[in-house]
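Participant: Here you go, one structure.
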Amino acid sequence: MSTLTAGAPAKQRTPLRPARILLHVFLAGTALAWLAPLLWAVLAALRPYSETSTKGYVSWPDKLSLDNFKNAFTQSDMLHYFGNTLLIAVPAVLITLVLSSMVAFYVSRFDFRLNIALLLVFTAGNLLPQQVIITPLYRLYLLVDLPGVTMSGKLYDSALGLVLIHVAFQSGFCAFVLSNYMRMLPHELTEAALVDGASVWRQYWQIVLPLCKPAMAALGTLLSIWIYNDFFWAIVLISTGENMPITSALNNLSGQYFTDPNLVAAGALLTAIPTLIVYFVLQRQFVSGLTLGANKG
Amino acid sequence: MTTDINTKSPEAAAVPPAGPAPVKRVPQGHKRLLTRRDRITLAFMAGVPTVLHVALVWVTALASIALAFTSWDGIGFGSIKWVGLDNFKQLFTDNPQFWPAVEHNIIWFVVLILIPTPFGLFLAVQLDKNIRFSRVYQTAFFLPVVVSLAVTGFVWQLVYNPDTGLINSLIGANKPGHYIDWIGDPHLNLWAVLIAASWRHTGYMMILYLAGLKGVDPSLREASSLDGANEWQTFKNVIFPTLRPTNTVVLVVTIIEALRAFDLVFVFNKGAQGTELLSILITNNIIGESSRIGYGSAIAVVLLVISLAVIIPYLIATFRKERRA
């Protein structure tokens, strides 16, 4: 990522050779090809269905408008599903960060015999395909009665259920990354605090955690996008279409409300917009989080 | 929860130092300075996340194994019947979807490791050359990784749709009689989905390799070019060998991705003929009409065994290295 800042000196370092130009042509061409499917979707979403159905999709657009986006958004009440996602993703990200940082603190700061085993369990669990555990999990969610706690009266078909499985599943990865990070912090920091009589909680909350801000920011970005993008858990663990987060709801909406390809394109792109915003604003965090603990599946 | 509330106000609590607790035992390291309250805090801090993770991930994984040897209709625990290896026998011999699914999972991995992975590495090497606009190119290649697989599925459907899609419109195959059904044709659909999957995987691999390349000592490259090696020789003999840790990660990530493959196929055609995958079989067994818990668990066990065969050696190697460091 340092290449951006290196832009100015690069000018004097590398005179433009033919090979360089060729490389730029190749990269620009490939990058454009990479964006093509998304751009195609944007184009389809911008054109009215009446026009594309008569002229065909590969034709010069006469009229471009945001109508499809407007219609997709209002007809299917997308706002409601964005709300559902918010209700799931925000608590899930926060709880995951808190819990995994606590485990990481324990594992990295106190050399108890358990620590490697504990970290192994967490990391291995995170690498499992979700489908390995889904059958018993589905049954478990149906069995747990929570009258009055969730709308459905069960863990099944509830936001709470989704938050729990996200936290349980993602904390493995975060604990691994954070414990590596905390291990790099000088041990003297907490040792001095310990000698001064600071409690364990205080060492965690006031000394270690503030130093982990960069790692926490990276993980928070990564988690937000992953949880937002989750499709599988909600498809299986939510039965009422109304309760689905946006990414999973897309599947139902595409049959019900998004009746033509142009509306499907608009709906899909609208769903992608929040992730794109987060990515463009917090690109550095996202990428560093991904490479920080590159063992993520 | 009560211990949590108590320990959240540590100023008052912790100032009178260690009670009698540390005197009794002969602990080592940090332990000796811990008060009883600290021990409770620590137990809570490690315990709550562990219990949640183990209960929802590992207990359910073990339950999958146990249920795979039973037949159960899901109504009351009394109806759980031990059936031994029946589910597996039936799965291996009777299920027309099982072996195709295994084959498709393997194809998925082979395609990902042979095409987008080397291409991602190639892009990373090019982008690591300190060229201008590197960040712009990276953003383009990485965009598919950020967008959810569900959205990716819908976007690619706009490309593949036999009537209105980009490909058929371009090659004139969108007229009746000339249809190429990229999504419905069982000889084509797996490859169509794999193109979309590769589109995404390339960017992911590129980012992993870029991070790996940043860690390569620049003096190695210099020494190699001083010795008269050309670009390809330098890469092959100097750079690539030093990327070994990244290669391991890439291999594991790719295998796991191949085993996890689900969203794209589910959005495309729900895993109809031609695109069966283990993950899809398990899921359809749950949300389909005829849910057979034991049988679905047996498929999950197959997936679990393959996954652990990859995960365990990898983690052991990783942690062993860490211990040495």
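Following the order of the structure tokens, chains are lettered A, B, ..., residues in each are numbered from 1, and ligands are numbered from 1.
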In range 26-131 of chain A, what's helix (DSSP H, G or I) per DSSP? Answer as a PyMOL selection string?
Facilitator: chain A and resi 26-46+49-55+67-75+78-109+115-127+131
Participant: So that I can check the surroundings of range 255-268 of chain B, please list as a PyMOL selection string every protein, DNA and RNA residue that reaches within 8 Å of it, counting only C-alpha atoms and ignoring chain neighbours fewer than 6 positions away.
Facilitator: (chain A and resi 127-131+231-232+251+297) or (chain B and resi 105-106+108-109+112+149-150+152-154+157+183+193+197+275+277-280+303+307+310)
Participant: When distances are computed from only C-alpha atoms, which of B:Ala309, B:Ala317, B:Val249, B:Leu91 shows the smallest separation from chain A?
Facilitator: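 Of all the options, B:Val249 lies closest to chain A.
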Participant: Find the distance between CA of Val163 in chain A and CA of Trp233 in chain A and write it in Å to one decimal.
Facilitator: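 It comes out at 10.1 Å.
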Participant: Which residue out of A:Val208, A:Thr247, A:Ser158, A:Val132 has the minimum interatomic distance to Ile306 in chain B when only C-alpha atoms are used?
Facilitator: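 Ranking A:Val208, A:Thr247, A:Ser158, A:Val132 by distance to Ile306 in chain B, first place goes to A:Val132.
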Participant: Which residue is closest to chain A? Choose from B:Thr164, B:Asn284, B:Thr202, B:Thr70 and count only C-alpha atoms.
Facilitator: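 Once distances to chain A are computed over only C-alpha atoms, the minimum belongs to B:Thr164.
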Participant: Hey, can you check how far CA of Val90 in chain A sits from CA of Val57 in chain B?
Facilitator: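 Interatomic distance, CA of Val90 in chain A to CA of Val57 in chain B: 21.3 Å.
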Participant: Env of range 142-145 of chain B: 10 Å cut, atoms = only C-alpha atoms, seq-sep filter 6 positions within chain, self excluded. Answer as an mmCIF file with N, CA and C atoms, in the first residue's frame.
Facilitator:
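Wrote it out as out.cif, contents follow:
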```cif
data_model
loop_
_atom_site.group_PDB
_atom_site.id
_atom_site.type_symbol
_atom_site.label_atom_id
_atom_site.label_comp_id
_atom_site.auth_asym_id
_atom_site.auth_seq_id
_atom_site.Cartn_x
_atom_site.Cartn_y
_atom_site.Cartn_z
ATOM 1 N N ALA A 31 -7.715 -4.606 -15.512
ATOM 2 C CA ALA A 31 -8.527 -3.980 -14.465
ATOM 3 C C ALA A 31 -9.921 -3.650 -15.005
ATOM 4 N N TRP A 34 -11.887 -6.660 -15.267
ATOM 5 C CA TRP A 34 -12.303 -7.090 -13.927
ATOM 6 C C TRP A 34 -13.542 -6.334 -13.464
ATOM 7 N N LEU A 35 -13.591 -5.065 -13.858
ATOM 8 C CA LEU A 35 -14.741 -4.260 -13.442
ATOM 9 C C LEU A 35 -15.945 -4.462 -14.350
ATOM 10 N N PRO A 37 -18.074 -6.882 -15.278
ATOM 11 C CA PRO A 37 -19.371 -7.403 -14.818
ATOM 12 C C PRO A 37 -20.126 -6.396 -13.954
ATOM 13 N N LEU A 38 -19.389 -5.676 -13.094
ATOM 14 C CA LEU A 38 -20.050 -4.695 -12.230
ATOM 15 C C LEU A 38 -20.563 -3.514 -13.059
ATOM 16 N N THR A 275 -21.086 -1.889 1.629
ATOM 17 C CA THR A 275 -19.756 -2.511 1.705
ATOM 18 C C THR A 275 -18.745 -1.704 0.907
ATOM 19 N N LEU A 276 -19.188 -1.194 -0.250
ATOM 20 C CA LEU A 276 -18.260 -0.422 -1.064
ATOM 21 C C LEU A 276 -17.828 0.852 -0.350
ATOM 22 N N TYR A 279 -15.419 -0.048 2.280
ATOM 23 C CA TYR A 279 -14.146 -0.446 1.683
ATOM 24 C C TYR A 279 -13.356 0.758 1.203
ATOM 25 N N PHE A 280 -14.027 1.694 0.521
ATOM 26 C CA PHE A 280 -13.284 2.835 -0.005
ATOM 27 C C PHE A 280 -12.791 3.750 1.101
ATOM 28 N N VAL A 287 -7.515 -4.117 4.253
ATOM 29 C CA VAL A 287 -6.434 -4.928 3.701
ATOM 30 C C VAL A 287 -5.462 -5.355 4.791
ATOM 31 N N VAL B 136 -4.768 2.107 -7.781
ATOM 32 C CA VAL B 136 -5.998 2.065 -8.578
ATOM 33 C C VAL B 136 -6.227 0.649 -9.099
ATOM 34 N N VAL B 151 -24.332 -10.968 -3.945
ATOM 35 C CA VAL B 151 -24.386 -9.923 -4.972
ATOM 36 C C VAL B 151 -23.607 -10.357 -6.210
ATOM 37 N N THR B 152 -22.438 -10.952 -5.975
ATOM 38 C CA THR B 152 -21.645 -11.468 -7.095
ATOM 39 C C THR B 152 -22.474 -12.423 -7.943
ATOM 40 N N ALA B 196 -16.965 -17.025 -12.194
ATOM 41 C CA ALA B 196 -17.303 -16.004 -11.197
ATOM 42 C C ALA B 196 -16.475 -16.190 -9.931
ATOM 43 N N ALA B 197 -16.299 -17.442 -9.505
ATOM 44 C CA ALA B 197 -15.519 -17.702 -8.294
ATOM 45 C C ALA B 197 -14.063 -17.299 -8.498
ATOM 46 N N SER B 198 -13.535 -17.559 -9.704
ATOM 47 C CA SER B 198 -12.135 -17.209 -9.988
ATOM 48 C C SER B 198 -11.951 -15.700 -10.045
ATOM 49 N N TRP B 199 -12.957 -15.051 -10.562
ATOM 50 C CA TRP B 199 -12.963 -13.579 -10.625
ATOM 51 C C TRP B 199 -12.713 -13.021 -9.225
ATOM 52 N N ARG B 200 -13.370 -13.624 -8.245
ATOM 53 C CA ARG B 200 -13.227 -13.154 -6.884
ATOM 54 C C ARG B 200 -11.896 -13.611 -6.279
ATOM 55 N N HIS B 201 -11.539 -14.876 -6.523
ATOM 56 C CA HIS B 201 -10.372 -15.465 -5.866
ATOM 57 C C HIS B 201 -9.078 -14.764 -6.274
ATOM 58 N N THR B 202 -9.006 -14.312 -7.524
ATOM 59 C CA THR B 202 -7.789 -13.662 -8.009
ATOM 60 C C THR B 202 -7.400 -12.472 -7.128
ATOM 61 N N GLY B 203 -8.385 -11.625 -6.826
ATOM 62 C CA GLY B 203 -8.093 -10.439 -6.029
ATOM 63 C C GLY B 203 -7.640 -10.790 -4.626
ATOM 64 N N TYR B 204 -8.260 -11.806 -4.076
ATOM 65 C CA TYR B 204 -7.912 -12.262 -2.731
ATOM 66 C C TYR B 204 -6.460 -12.735 -2.708
ATOM 67 N N MET B 205 -6.098 -13.558 -3.696
ATOM 68 C CA MET B 205 -4.730 -14.081 -3.759
ATOM 69 C C MET B 205 -3.731 -12.960 -4.004
ATOM 70 N N MET B 206 -4.138 -11.997 -4.853
ATOM 71 C CA MET B 206 -3.254 -10.884 -5.138
ATOM 72 C C MET B 206 -2.880 -10.137 -3.856
ATOM 73 N N ILE B 207 -3.895 -9.889 -3.014
ATOM 74 C CA ILE B 207 -3.633 -9.152 -1.775
ATOM 75 C C ILE B 207 -2.720 -9.954 -0.844
#
```
Participant: Return as a Markdown table the residues of range 203-283 of chain A lying at most 12 Å from range 139-146 of chain A, together with the closest atom-to-atom pair for each and the distance in Å to one decimal, counting only C-alpha atoms, with rows in chain order and ascending residue number.
Facilitator:
```
| residue | atom | partner | partner_atom | distance |
| --- | --- | --- | --- | --- |
| A:Trp233 | CA | A:Tyr141 | CA | 11.9 |
| A:Val236 | CA | A:Tyr141 | CA | 10.7 |
| A:Leu237 | CA | A:Tyr141 | CA | 7.8 |
| A:Ile238 | CA | A:Tyr141 | CA | 10.2 |
| A:Ser239 | CA | A:Leu142 | CA | 11.2 |
```
Participant: Only N, CA and C atoms, please: the residues just picked out, written as a short mmCIF file (atom, residue, chain, number, x, y, z; two decimals), in the first residue's frame.
Facilitator:
```cif
data_model
loop_
_atom_site.label_atom_id
_atom_site.label_comp_id
_atom_site.auth_asym_id
_atom_site.auth_seq_id
_atom_site.Cartn_x
_atom_site.Cartn_y
_atom_site.Cartn_z
N TRP A 233 -25.75 -18.21 7.03
CA TRP A 233 -26.37 -18.37 8.36
C TRP A 233 -27.83 -17.93 8.31
N VAL A 236 -30.40 -20.22 6.48
CA VAL A 236 -30.82 -21.42 7.19
C VAL A 236 -31.49 -21.11 8.52
N LEU A 237 -30.95 -20.13 9.25
CA LEU A 237 -31.40 -19.93 10.62
C LEU A 237 -32.54 -18.93 10.76
N ILE A 238 -32.92 -18.30 9.66
CA ILE A 238 -34.06 -17.37 9.68
C ILE A 238 -35.12 -17.93 8.75
N SER A 239 -36.33 -18.07 9.24
CA SER A 239 -37.37 -18.62 8.37
C SER A 239 -38.31 -17.56 7.83
#
```
Participant: I'd like the neighbourhood of Pro100 in chain B as number ranges by chain, where a residue qualifies if any of its atoms comes within 8 Å (using only C-alpha atoms), though same-chain residues fewer than 4 positions away should be ignored.
Facilitator: B: 96, 104, 274, 276-277
